[in-house]
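Text of the file query33.txt, holding compact mmCIF, C-alpha atoms:
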# COMPACT_ATOMS: atom_id res chain seq x y z
CA MET A 150 -41.34 47.92 21.53
CA LYS A 151 -38.36 50.18 21.02
CA PHE A 152 -38.80 52.72 18.26
CA TYR A 153 -36.34 52.24 15.40
CA GLN A 154 -35.53 55.33 13.39
CA ASP A 155 -33.97 53.24 10.67
CA GLU A 156 -36.54 50.88 9.16
CA ASP A 157 -33.86 48.81 7.39
CA LEU A 158 -32.03 48.29 10.67
CA PHE A 159 -35.29 47.15 12.26
CA LYS A 160 -35.89 44.59 9.49
CA GLU A 161 -32.30 43.42 9.75
CA ARG A 162 -32.55 42.80 13.49
CA LEU A 163 -35.93 41.16 13.05
CA ASN A 164 -34.44 38.72 10.54
CA VAL A 165 -31.60 37.92 12.95
CA SER A 166 -33.97 37.15 15.80
CA THR A 167 -36.48 35.08 13.83
CA LEU A 168 -34.15 33.02 11.59
CA MET A 169 -35.11 29.38 12.16
CA GLU A 170 -34.14 27.81 8.85
CA PHE A 171 -32.19 28.26 5.66
CA ILE A 172 -33.22 27.53 2.10
CA LEU A 173 -30.71 25.64 -0.04
CA LEU A 174 -31.22 26.94 -3.57
CA GLY A 175 -29.19 24.08 -5.06
CA PHE A 176 -29.98 23.79 -8.76
CA SER A 177 -33.26 25.70 -8.67
CA ASN A 178 -31.94 27.97 -11.43
CA VAL A 179 -32.31 25.05 -13.88
CA PRO A 180 -35.75 23.60 -13.02
CA GLN A 181 -35.99 21.83 -16.37
CA LEU A 182 -33.01 19.66 -15.38
CA GLN A 183 -34.16 18.73 -11.86
CA TRP A 184 -35.11 15.12 -12.66
CA VAL A 185 -32.13 14.62 -14.96
CA LEU A 186 -29.82 15.74 -12.15
CA PHE A 187 -31.71 13.55 -9.69
CA VAL A 188 -31.11 10.44 -11.82
CA ILE A 189 -27.44 11.31 -12.42
CA PHE A 190 -26.66 11.98 -8.75
CA LEU A 191 -28.60 8.93 -7.60
CA PHE A 192 -26.66 6.73 -10.03
CA MET A 193 -23.35 8.24 -8.83
CA TYR A 194 -24.32 7.77 -5.17
CA VAL A 195 -25.24 4.10 -5.66
CA THR A 196 -22.02 3.59 -7.66
CA ILE A 197 -19.91 5.16 -4.88
CA LEU A 198 -21.59 3.00 -2.21
CA LEU A 199 -21.26 -0.21 -4.24
CA CYS A 200 -17.68 0.25 -5.48
CA ASN A 201 -16.26 1.38 -2.15
CA SER A 202 -18.09 -1.42 -0.34
CA ILE A 203 -16.50 -3.94 -2.72
CA ILE A 204 -13.03 -2.50 -1.98
CA ILE A 205 -13.69 -2.79 1.78
CA LEU A 206 -14.92 -6.38 1.32
CA LEU A 207 -11.85 -7.34 -0.73
CA ALA A 208 -9.45 -5.76 1.77
CA LYS A 209 -11.10 -7.60 4.66
CA THR A 210 -11.48 -11.04 3.07
CA ASP A 211 -8.62 -11.54 0.59
CA PRO A 212 -5.41 -12.77 2.31
CA SER A 213 -3.19 -11.12 -0.32
CA LEU A 214 -4.62 -7.71 0.60
CA GLN A 215 -3.94 -8.00 4.35
CA THR A 216 -1.27 -5.28 4.23
CA PRO A 217 -1.05 -1.71 5.60
CA MET A 218 -1.57 -0.25 2.12
CA TYR A 219 -4.97 -1.93 1.71
CA TYR A 220 -5.87 -1.34 5.35
CA PHE A 221 -5.53 2.39 4.66
CA LEU A 222 -7.37 2.02 1.36
CA SER A 223 -10.31 0.26 3.02
CA ASN A 224 -10.50 3.07 5.60
CA PHE A 225 -10.35 5.58 2.77
CA SER A 226 -13.23 3.80 1.01
CA PHE A 227 -15.32 3.84 4.19
CA LEU A 228 -14.51 7.54 4.58
CA GLU A 229 -15.72 8.21 1.03
CA ILE A 230 -19.03 6.48 1.78
CA CYS A 231 -19.51 8.69 4.86
CA TYR A 232 -18.40 11.81 2.98
CA VAL A 233 -20.90 11.52 0.12
CA THR A 234 -23.67 10.45 2.53
CA ALA A 235 -23.28 13.81 4.29
CA THR A 236 -24.38 15.67 1.13
CA ILE A 237 -25.97 13.56 -1.61
CA PRO A 238 -29.09 12.16 0.19
CA ARG A 239 -30.10 15.68 1.23
CA MET A 240 -29.49 16.97 -2.29
CA LEU A 241 -31.56 14.13 -3.80
CA MET A 242 -34.42 14.94 -1.43
CA ASP A 243 -34.31 18.61 -2.42
CA LEU A 244 -34.30 17.71 -6.12
CA CYS A 245 -37.23 15.34 -5.59
CA THR A 246 -39.39 17.66 -3.47
CA LEU A 247 -38.27 20.89 -5.16
CA LYS A 248 -37.84 22.35 -1.67
CA GLY A 249 -34.59 23.29 -0.01
CA ASN A 250 -35.75 24.14 3.50
CA ILE A 251 -33.24 23.08 6.14
CA SER A 252 -33.26 23.96 9.83
CA VAL A 253 -30.34 25.86 11.34
CA LEU A 254 -29.41 22.80 13.45
CA ALA A 255 -29.53 20.46 10.43
CA CYS A 256 -27.45 22.93 8.41
CA ALA A 257 -24.84 23.18 11.17
CA THR A 258 -24.75 19.38 11.52
CA GLN A 259 -24.27 18.90 7.78
CA MET A 260 -21.50 21.50 7.62
CA TYR A 261 -19.71 19.93 10.59
CA PHE A 262 -19.67 16.46 9.01
CA VAL A 263 -18.58 17.78 5.61
CA LEU A 264 -15.69 19.70 7.17
CA MET A 265 -14.69 16.94 9.59
CA LEU A 266 -14.78 14.21 6.95
CA GLY A 267 -13.00 16.44 4.43
CA GLY A 268 -10.23 17.13 6.96
CA THR A 269 -9.99 13.41 7.72
CA GLU A 270 -9.59 12.71 4.01
CA CYS A 271 -6.69 15.17 3.76
CA LEU A 272 -4.93 13.56 6.72
CA LEU A 273 -5.60 10.02 5.52
CA LEU A 274 -4.18 10.82 2.07
CA ALA A 275 -1.03 12.05 3.83
CA VAL A 276 -0.86 8.80 5.84
CA MET A 277 -1.21 6.79 2.62
CA ALA A 278 1.65 8.79 1.08
CA TYR A 279 3.80 8.08 4.13
CA ASP A 280 3.01 4.37 3.78
CA ARG A 281 4.21 4.42 0.16
CA TYR A 282 7.33 6.35 1.20
CA VAL A 283 8.28 3.74 3.81
CA ALA A 284 7.49 0.85 1.43
CA ILE A 285 9.69 2.21 -1.37
CA CYS A 286 12.41 4.15 0.45
CA GLN A 287 12.82 1.97 3.57
CA PRO A 288 11.61 -1.50 2.53
CA LEU A 289 13.76 -3.35 5.09
CA GLN A 290 12.16 -1.43 7.96
CA TYR A 291 8.63 -1.49 6.54
CA SER A 292 7.29 -4.28 8.74
CA LEU A 293 8.65 -2.52 11.83
CA LEU A 294 7.57 1.04 10.97
CA MET A 295 4.14 0.04 9.67
CA LYS A 296 3.12 -2.64 12.16
CA ASN A 297 -0.55 -3.06 13.05
CA THR A 298 -0.53 -0.81 16.13
CA VAL A 299 1.13 2.02 14.19
CA CYS A 300 -1.39 1.73 11.34
CA LEU A 301 -4.26 1.79 13.81
CA GLN A 302 -2.84 4.88 15.55
CA LEU A 303 -2.34 6.72 12.25
CA VAL A 304 -5.92 6.00 11.14
CA ALA A 305 -7.35 6.93 14.56
CA ALA A 306 -5.39 10.21 14.56
CA SER A 307 -6.71 11.02 11.07
CA TRP A 308 -10.32 10.49 12.18
CA ILE A 309 -10.10 12.16 15.59
CA SER A 310 -7.84 15.18 14.95
CA GLY A 311 -10.45 17.22 13.11
CA ILE A 312 -13.36 16.65 15.50
CA PRO A 313 -12.65 19.40 18.10
CA VAL A 314 -11.40 21.82 15.44
CA GLU A 315 -14.49 21.49 13.25
CA ILE A 316 -16.85 21.63 16.24
CA GLY A 317 -15.26 24.96 17.14
CA GLN A 318 -15.35 26.26 13.58
CA THR A 319 -18.98 25.25 13.08
CA TYR A 320 -19.95 26.93 16.36
CA GLN A 321 -18.07 30.06 15.32
CA ILE A 322 -19.83 30.26 11.94
CA PHE A 323 -23.32 29.71 13.35
CA SER A 324 -22.75 32.22 16.13
CA LEU A 325 -22.75 34.93 13.47
CA PRO A 326 -25.92 36.97 12.88
CA PHE A 327 -27.46 36.09 9.50
CA CYS A 328 -29.44 39.09 8.36
CA ALA A 329 -28.79 39.44 4.64
CA SER A 330 -30.99 36.51 3.65
CA ASN A 331 -31.72 32.90 4.57
CA ARG A 332 -31.19 31.65 1.01
CA ILE A 333 -27.97 29.67 0.56
CA ASP A 334 -26.95 29.58 -3.09
CA HIS A 335 -25.47 26.10 -2.80
CA PHE A 336 -26.56 22.46 -2.65
CA PHE A 337 -25.23 21.90 0.88
CA CYS A 338 -24.28 24.02 3.89
CA ASP A 339 -20.70 25.16 3.40
CA ILE A 340 -18.59 27.96 4.84
CA PRO A 341 -18.13 30.30 1.81
CA PRO A 342 -21.86 30.73 0.97
CA LEU A 343 -22.79 31.05 4.67
CA LEU A 344 -20.20 33.78 5.25
CA LYS A 345 -21.78 35.73 2.40
CA LEU A 346 -25.10 35.74 4.30
CA ALA A 347 -23.60 36.92 7.58
CA CYS A 348 -23.81 40.56 8.62
CA GLY A 349 -21.31 42.35 10.76
CA ASP A 350 -17.57 41.80 10.83
CA THR A 351 -16.58 38.34 9.56
CA PHE A 352 -12.84 39.06 9.40
CA MET A 353 -11.92 36.75 12.30
CA ASN A 354 -14.12 34.00 10.87
CA THR A 355 -12.36 34.31 7.51
CA VAL A 356 -8.95 34.17 9.23
CA ALA A 357 -10.05 31.06 11.14
CA VAL A 358 -11.11 29.41 7.87
CA TYR A 359 -7.68 30.08 6.36
CA VAL A 360 -5.86 28.81 9.47
CA VAL A 361 -7.84 25.56 9.50
CA ALA A 362 -7.44 25.18 5.73
CA VAL A 363 -3.67 25.60 6.05
CA GLY A 364 -3.55 23.06 8.89
CA PHE A 365 -5.77 20.42 7.29
CA VAL A 366 -5.16 21.04 3.59
CA MET A 367 -1.80 22.66 2.94
CA VAL A 368 0.30 20.96 5.65
CA PRO A 369 -0.78 17.40 4.67
CA PHE A 370 -0.35 18.36 1.02
CA LEU A 371 3.23 19.54 1.65
CA LEU A 372 3.96 16.29 3.53
CA ILE A 373 2.63 14.36 0.53
CA ILE A 374 4.81 16.40 -1.84
CA VAL A 375 7.92 15.77 0.29
CA SER A 376 7.09 12.05 0.45
CA TYR A 377 6.73 11.81 -3.32
CA ILE A 378 9.89 13.80 -3.99
CA LYS A 379 11.81 11.27 -1.90
CA ILE A 380 9.95 8.39 -3.56
CA ILE A 381 10.78 9.66 -7.06
CA CYS A 382 14.43 10.21 -6.12
CA ASN A 383 14.59 6.66 -4.78
CA ILE A 384 12.85 5.20 -7.83
CA MET A 385 15.32 6.93 -10.17
CA LYS A 386 18.14 5.08 -8.43
CA LEU A 387 16.66 1.70 -9.36
CA SER A 388 18.59 0.01 -12.15
CA SER A 389 15.75 -2.31 -13.11
CA ALA A 390 13.14 -0.87 -15.48
CA LYS A 391 10.66 -3.43 -14.15
CA GLY A 392 11.29 -2.29 -10.59
CA MET A 393 10.79 1.35 -11.58
CA ALA A 394 7.51 0.52 -13.34
CA LYS A 395 6.24 -1.43 -10.32
CA ALA A 396 7.16 1.38 -7.92
CA PHE A 397 5.46 4.00 -10.08
CA SER A 398 2.34 1.86 -10.48
CA THR A 399 1.86 1.55 -6.71
CA CYS A 400 2.00 5.33 -6.31
CA SER A 401 0.28 6.66 -9.44
CA SER A 402 -3.28 5.93 -8.28
CA HIS A 403 -2.77 7.72 -4.99
CA LEU A 404 -1.07 10.66 -6.69
CA ILE A 405 -3.99 11.13 -9.13
CA VAL A 406 -6.48 11.19 -6.23
CA VAL A 407 -4.31 13.67 -4.30
CA VAL A 408 -4.07 16.10 -7.21
CA LEU A 409 -7.82 15.97 -7.93
CA PHE A 410 -8.98 16.33 -4.32
CA TYR A 411 -6.45 18.87 -3.06
CA GLY A 412 -6.71 20.96 -6.21
CA THR A 413 -10.45 21.58 -5.95
CA ALA A 414 -10.54 21.79 -2.13
CA SER A 415 -7.69 24.34 -2.06
CA ILE A 416 -9.40 26.60 -4.58
CA THR A 417 -12.64 26.47 -2.57
CA TYR A 418 -11.27 27.20 0.91
CA LEU A 419 -8.11 29.23 0.20
CA GLN A 420 -9.59 31.60 -2.38
CA PRO A 421 -11.05 34.89 -1.09
CA ASN A 422 -14.84 34.65 -0.77
CA HIS A 423 -15.59 37.79 -2.76
CA SER A 424 -13.64 36.55 -5.78
CA GLN A 425 -15.50 33.25 -6.11
CA SER A 426 -18.84 33.23 -7.93
CA GLU A 427 -21.70 31.05 -6.70
CA GLY A 428 -21.71 29.06 -9.94
CA MET A 429 -17.99 28.32 -9.75
CA GLY A 430 -18.34 27.38 -6.07
CA LYS A 431 -21.02 24.82 -6.92
CA ILE A 432 -18.94 23.31 -9.73
CA LEU A 433 -15.84 22.97 -7.53
CA SER A 434 -17.93 21.48 -4.72
CA LEU A 435 -19.45 18.95 -7.13
CA PHE A 436 -15.92 17.86 -8.01
CA TYR A 437 -14.62 17.18 -4.50
CA THR A 438 -17.90 15.99 -2.92
CA ILE A 439 -19.32 13.78 -5.69
CA LEU A 440 -17.25 13.38 -8.85
CA ILE A 441 -13.88 12.59 -7.24
CA PRO A 442 -15.37 10.07 -4.74
CA ALA A 443 -17.05 8.40 -7.74
CA LEU A 444 -13.73 8.24 -9.63
CA ASN A 445 -11.61 7.04 -6.69
CA PRO A 446 -12.70 3.36 -6.77
CA ILE A 447 -12.20 3.28 -10.54
CA ILE A 448 -8.73 4.83 -10.24
CA TYR A 449 -7.66 2.44 -7.47
CA THR A 450 -9.07 -0.72 -9.06
CA LEU A 451 -8.15 -0.25 -12.71
CA ARG A 452 -4.57 0.78 -11.86
CA ASN A 453 -4.01 -1.86 -9.17
CA LYS A 454 -3.22 -5.43 -10.22
CA ASP A 455 -3.68 -6.88 -6.71
CA ILE A 456 -7.23 -5.56 -6.45
CA MET A 457 -8.07 -6.70 -9.98
CA VAL A 458 -6.84 -10.22 -9.14
CA ALA A 459 -8.82 -10.23 -5.87
CA LEU A 460 -11.88 -8.97 -7.77
CA ARG A 461 -11.64 -11.85 -10.26
CA LYS A 462 -11.31 -14.33 -7.39
CA LEU A 463 -14.39 -12.86 -5.73
CA HIS A 464 -16.29 -13.04 -9.01
CA ASN A 465 -15.31 -16.69 -9.51
CA ASN A 466 -16.28 -17.52 -5.91
CA LEU A 467 -19.68 -15.90 -6.41
CA LEU A 468 -20.22 -17.86 -9.64
CA THR A 469 -19.26 -21.09 -7.87
CA TRP A 470 -21.60 -20.30 -4.97
CA TRP A 471 -24.43 -19.49 -7.36
CA GLY A 472 -23.79 -22.73 -9.27
CA ASN A 473 -23.96 -24.77 -6.06
CA LEU A 474 -27.28 -23.14 -5.18
CA LYS A 475 -28.74 -24.35 -8.48

Once you've parsed the file, please lay out its structure as structure tokens.
Amino acid sequence: MKFYQDEDLFKERLNVSTLMEFILLGFSNVPQLQWVLFVIFLFMYVTILLCNSIIILLAKTDPSLQTPMYYFLSNFSFLEICYVTATIPRMLMDLCTLKGNISVLACATQMYFVLMLGGTECLLLAVMAYDRYVAICQPLQYSLLMKNTVCLQLVAASWISGIPVEIGQTYQIFSLPFCASNRIDHFFCDIPPLLKLACGDTFMNTVAVYVVAVGFVMVPFLLIIVSYIKIICNIMKLSSAKGMAKAFSTCSSHLIVVVLFYGTASITYLQPNHSQSEGMGKILSLFYTILIPALNPIIYTLRNKDIMVALRKLHNNLLTWWGNLK
């Protein structure tokens, strides 16, 4: 074996060559709250699955919801189910077993799905904003511009566009030598905490993160802003107060979700790594990976009369069905 004059360099290279797994530290700094957090996150996960599944069911079965707006919303609900499933089950297992061991392949797979689904969410939110823009600003052309084939193409583009990009980014991150440690101070595999573990020059990786973040976060966000500026200008021209209220009500739910999701995601991926503490990174990640997906169904149902009416109809149908069984 080659003689190493520098013992630290030897240990560093040894760590690079033998790294087979990472350890997700998660919430190990608060062991007294492990089971409390487990119950809270389990409840939120079940709530997200149940509420989003109900929205998908309503959009598929209720004739009054067979419109592009609810087609996009049902896709968004399915996306939220996939998004939280990429992180919460693993986190629940770690809280339950008090172990955070994760193989390099499993870590890379998790990071890929989190990034791909997060990018899809950004694009789909932009598509939903475009749908509202056409509905309010060009109502006479709505049926032509938002016909079924166009809606399908927009949704497919949102899902597919990020796949090659995030495969490349994930490969780039995991091609780095990790010699500082194998302990990830996070509850899932994400780019910022992984870059902190990498040794060597990570400048190009950081630049790539910013480029992808601009393409999948900032560009869709700017398109959403432009859409809503035009929507607001059009709404202000309406002479009817009732018409203005209806137009605002159809957009307010989407706008709340956009502000919450883009706000936290932008801070996470566009802020320099060295200026973001591990604790703040975890809090921000909890917002856009768990809390906001849990709030989305509530925001869309409570502020949407059509869904509330469809929900009552479903409830009445279930009661009738149950009564017939008896």

When distances are computed from all atoms listed in the file, which of A:Asn383, A:Phe365, A:Ile172, A:Thr210 shows the smallest separation from Gln287 in chain A?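 Nearest to Gln287 in chain A: A:Asn383.
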
Please determine, counting only C-alpha atoms, which residue among A:Gln183, A:Asn250, A:Thr236, A:Ser177 has the shortest atom-to-atom distance to Leu266 in chain A.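 Closest candidate: A:Thr236.
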
Just give me the gap between CA of Leu444 in chain A and CA of Val407 in chain A in Å, one decimal is fine.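 Between CA of Leu444 in chain A and CA of Val407 in chain A the gap is 12.1 Å.
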
May I have the residues within 12 Å of Ile230 in chain A as a PDB file with C-alpha atoms, in the coordinates of the input, using all atoms listed in the file and disregarding those fewer than 4 positions away in the same chain?
ATOM      1  CA  MET A 193     -23.350   8.240  -8.830  1.00  0.00           C
ATOM      2  CA  TYR A 194     -24.320   7.770  -5.170  1.00  0.00           C
ATOM      3  CA  VAL A 195     -25.240   4.100  -5.660  1.00  0.00           C
ATOM      4  CA  THR A 196     -22.020   3.590  -7.660  1.00  0.00           C
ATOM      5  CA  ILE A 197     -19.910   5.160  -4.880  1.00  0.00           C
ATOM      6  CA  LEU A 198     -21.590   3.000  -2.210  1.00  0.00           C
ATOM      7  CA  LEU A 199     -21.260  -0.210  -4.240  1.00  0.00           C
ATOM      8  CA  CYS A 200     -17.680   0.250  -5.480  1.00  0.00           C
ATOM      9  CA  ASN A 201     -16.260   1.380  -2.150  1.00  0.00           C
ATOM     10  CA  SER A 202     -18.090  -1.420  -0.340  1.00  0.00           C
ATOM     11  CA  ILE A 203     -16.500  -3.940  -2.720  1.00  0.00           C
ATOM     12  CA  ILE A 204     -13.030  -2.500  -1.980  1.00  0.00           C
ATOM     13  CA  ILE A 205     -13.690  -2.790   1.780  1.00  0.00           C
ATOM     14  CA  SER A 223     -10.310   0.260   3.020  1.00  0.00           C
ATOM     15  CA  ASN A 224     -10.500   3.070   5.600  1.00  0.00           C
ATOM     16  CA  PHE A 225     -10.350   5.580   2.770  1.00  0.00           C
ATOM     17  CA  SER A 226     -13.230   3.800   1.010  1.00  0.00           C
ATOM     18  CA  THR A 234     -23.670  10.450   2.530  1.00  0.00           C
ATOM     19  CA  ALA A 235     -23.280  13.810   4.290  1.00  0.00           C
ATOM     20  CA  THR A 236     -24.380  15.670   1.130  1.00  0.00           C
ATOM     21  CA  ILE A 237     -25.970  13.560  -1.610  1.00  0.00           C
ATOM     22  CA  PRO A 238     -29.090  12.160   0.190  1.00  0.00           C
ATOM     23  CA  VAL A 263     -18.580  17.780   5.610  1.00  0.00           C
ATOM     24  CA  LEU A 266     -14.780  14.210   6.950  1.00  0.00           C
ATOM     25  CA  GLY A 267     -13.000  16.440   4.430  1.00  0.00           C
ATOM     26  CA  GLU A 270      -9.590  12.710   4.010  1.00  0.00           C
ATOM     27  CA  THR A 438     -17.900  15.990  -2.920  1.00  0.00           C
ATOM     28  CA  ILE A 439     -19.320  13.780  -5.690  1.00  0.00           C
ATOM     29  CA  PRO A 442     -15.370  10.070  -4.740  1.00  0.00           C
ATOM     30  CA  ALA A 443     -17.050   8.400  -7.740  1.00  0.00           C
ATOM     31  CA  ASN A 445     -11.610   7.040  -6.690  1.00  0.00           C
ATOM     32  CA  PRO A 446     -12.700   3.360  -6.770  1.00  0.00           C
TER      33      PRO A 446
END

Calculate how many Å separate CA of Phe337 in chain A from CA of Leu174 in chain A, rounding to one decimal.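 According to the coordinates, CA of Phe337 in chain A and CA of Leu174 in chain A are separated by 9.0 Å.
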
So what do you get for CA of Leu191 in chain A versus CA of Ser434 in chain A, distance-wise?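 Spanning CA of Leu191 in chain A to CA of Ser434 in chain A is a straight-line distance of 16.7 Å.
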
With distances taken over all atoms listed in the file, which of A:Leu244, A:Val366, A:Ile312, A:Cys256 is nearest to Leu186 in chain A?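 Using all atoms listed in the file, the shortest distance to Leu186 in chain A belongs to A:Leu244.
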
Please work out which residues fall within 10 Å of (-10.4, 11.0, 11.4), coordinates as given in the file, with only C-alpha atoms counting, and return them as a PDB file with C-alpha atoms, in the coordinates of the input.
ATOM      1  CA  ASN A 224     -10.500   3.070   5.600  1.00  0.00           C
ATOM      2  CA  LEU A 228     -14.510   7.540   4.580  1.00  0.00           C
ATOM      3  CA  MET A 265     -14.690  16.940   9.590  1.00  0.00           C
ATOM      4  CA  LEU A 266     -14.780  14.210   6.950  1.00  0.00           C
ATOM      5  CA  GLY A 267     -13.000  16.440   4.430  1.00  0.00           C
ATOM      6  CA  GLY A 268     -10.230  17.130   6.960  1.00  0.00           C
ATOM      7  CA  THR A 269      -9.990  13.410   7.720  1.00  0.00           C
ATOM      8  CA  GLU A 270      -9.590  12.710   4.010  1.00  0.00           C
ATOM      9  CA  CYS A 271      -6.690  15.170   3.760  1.00  0.00           C
ATOM     10  CA  LEU A 272      -4.930  13.560   6.720  1.00  0.00           C
ATOM     11  CA  LEU A 273      -5.600  10.020   5.520  1.00  0.00           C
ATOM     12  CA  LEU A 303      -2.340   6.720  12.250  1.00  0.00           C
ATOM     13  CA  VAL A 304      -5.920   6.000  11.140  1.00  0.00           C
ATOM     14  CA  ALA A 305      -7.350   6.930  14.560  1.00  0.00           C
ATOM     15  CA  ALA A 306      -5.390  10.210  14.560  1.00  0.00           C
ATOM     16  CA  SER A 307      -6.710  11.020  11.070  1.00  0.00           C
ATOM     17  CA  TRP A 308     -10.320  10.490  12.180  1.00  0.00           C
ATOM     18  CA  ILE A 309     -10.100  12.160  15.590  1.00  0.00           C
ATOM     19  CA  SER A 310      -7.840  15.180  14.950  1.00  0.00           C
ATOM     20  CA  GLY A 311     -10.450  17.220  13.110  1.00  0.00           C
ATOM     21  CA  ILE A 312     -13.360  16.650  15.500  1.00  0.00           C
TER      22      ILE A 312
END

Compile the contact shell of Val361 in chain A as a list in words: residues with an atom at most 12 Å away, counting all atoms listed in the file, same-chain residues fewer than 3 positions apart removed. Leu264, Met265, Gly267, Gly268, Cys271, Ser310, Gly311, Pro313, Val314, Glu315, Ile316, Gly317, Gln318, Thr319, Ile340, Asn354, Thr355, Val356, Ala357, Val358, Gly364, Phe365, Val366, Met367, Val368, Pro369, Ser415, Tyr418 and Leu419 of chain A

(-32.1, 30.5, 4.9) in this file's frame - what residues fall within 6 Å of it? Use only C-alpha atoms and give the answer as a list of chain:residue names. A:Glu170, A:Phe171, A:Ile172, A:Asn331, A:Arg332

Closest of A:Leu207, A:Met385, A:Leu222, A:Leu173 to Ala459 in chain A - atom-to-atom distances counting all atoms listed in the file: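 Checking each of A:Leu207, A:Met385, A:Leu222, A:Leu173 against Ala459 in chain A, counting all atoms listed in the file, the winner is A:Leu207.
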
Just need range 291-302 of chain A in a file, please: N, CA and C atoms, as a PDB file, in the first residue's frame.
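Now in decode_23.pdb:
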ATOM      1  N   TYR A 291     -61.729  30.306 -24.348  1.00  0.00           N
ATOM      2  CA  TYR A 291     -61.300  29.334 -23.344  1.00  0.00           C
ATOM      3  C   TYR A 291     -61.455  27.891 -23.822  1.00  0.00           C
ATOM      4  N   SER A 292     -62.611  27.574 -24.372  1.00  0.00           N
ATOM      5  CA  SER A 292     -62.863  26.189 -24.811  1.00  0.00           C
ATOM      6  C   SER A 292     -61.927  25.772 -25.932  1.00  0.00           C
ATOM      7  N   LEU A 293     -61.462  26.731 -26.740  1.00  0.00           N
ATOM      8  CA  LEU A 293     -60.541  26.427 -27.824  1.00  0.00           C
ATOM      9  C   LEU A 293     -59.098  26.291 -27.320  1.00  0.00           C
ATOM     10  N   LEU A 294     -58.693  27.242 -26.463  1.00  0.00           N
ATOM     11  CA  LEU A 294     -57.310  27.264 -25.973  1.00  0.00           C
ATOM     12  C   LEU A 294     -57.035  26.177 -24.938  1.00  0.00           C
ATOM     13  N   MET A 295     -58.082  25.770 -24.206  1.00  0.00           N
ATOM     14  CA  MET A 295     -57.892  24.785 -23.143  1.00  0.00           C
ATOM     15  C   MET A 295     -58.673  23.505 -23.429  1.00  0.00           C
ATOM     16  N   LYS A 296     -58.649  23.061 -24.672  1.00  0.00           N
ATOM     17  CA  LYS A 296     -59.327  21.808 -25.010  1.00  0.00           C
ATOM     18  C   LYS A 296     -58.563  20.625 -24.418  1.00  0.00           C
ATOM     19  N   ASN A 297     -59.162  19.456 -24.444  1.00  0.00           N
ATOM     20  CA  ASN A 297     -58.617  18.294 -23.745  1.00  0.00           C
ATOM     21  C   ASN A 297     -57.187  17.951 -24.154  1.00  0.00           C
ATOM     22  N   THR A 298     -56.900  17.996 -25.449  1.00  0.00           N
ATOM     23  CA  THR A 298     -55.552  17.638 -25.913  1.00  0.00           C
ATOM     24  C   THR A 298     -54.508  18.622 -25.389  1.00  0.00           C
ATOM     25  N   VAL A 299     -54.870  19.908 -25.342  1.00  0.00           N
ATOM     26  CA  VAL A 299     -53.944  20.924 -24.833  1.00  0.00           C
ATOM     27  C   VAL A 299     -53.682  20.705 -23.348  1.00  0.00           C
ATOM     28  N   CYS A 300     -54.738  20.429 -22.585  1.00  0.00           N
ATOM     29  CA  CYS A 300     -54.587  20.174 -21.145  1.00  0.00           C
ATOM     30  C   CYS A 300     -53.686  18.966 -20.895  1.00  0.00           C
ATOM     31  N   LEU A 301     -53.905  17.925 -21.682  1.00  0.00           N
ATOM     32  CA  LEU A 301     -53.097  16.716 -21.543  1.00  0.00           C
ATOM     33  C   LEU A 301     -51.630  17.000 -21.855  1.00  0.00           C
ATOM     34  N   GLN A 302     -51.380  17.791 -22.903  1.00  0.00           N
ATOM     35  CA  GLN A 302     -50.007  18.126 -23.280  1.00  0.00           C
ATOM     36  C   GLN A 302     -49.326  18.979 -22.211  1.00  0.00           C
TER      37      GLN A 302
END
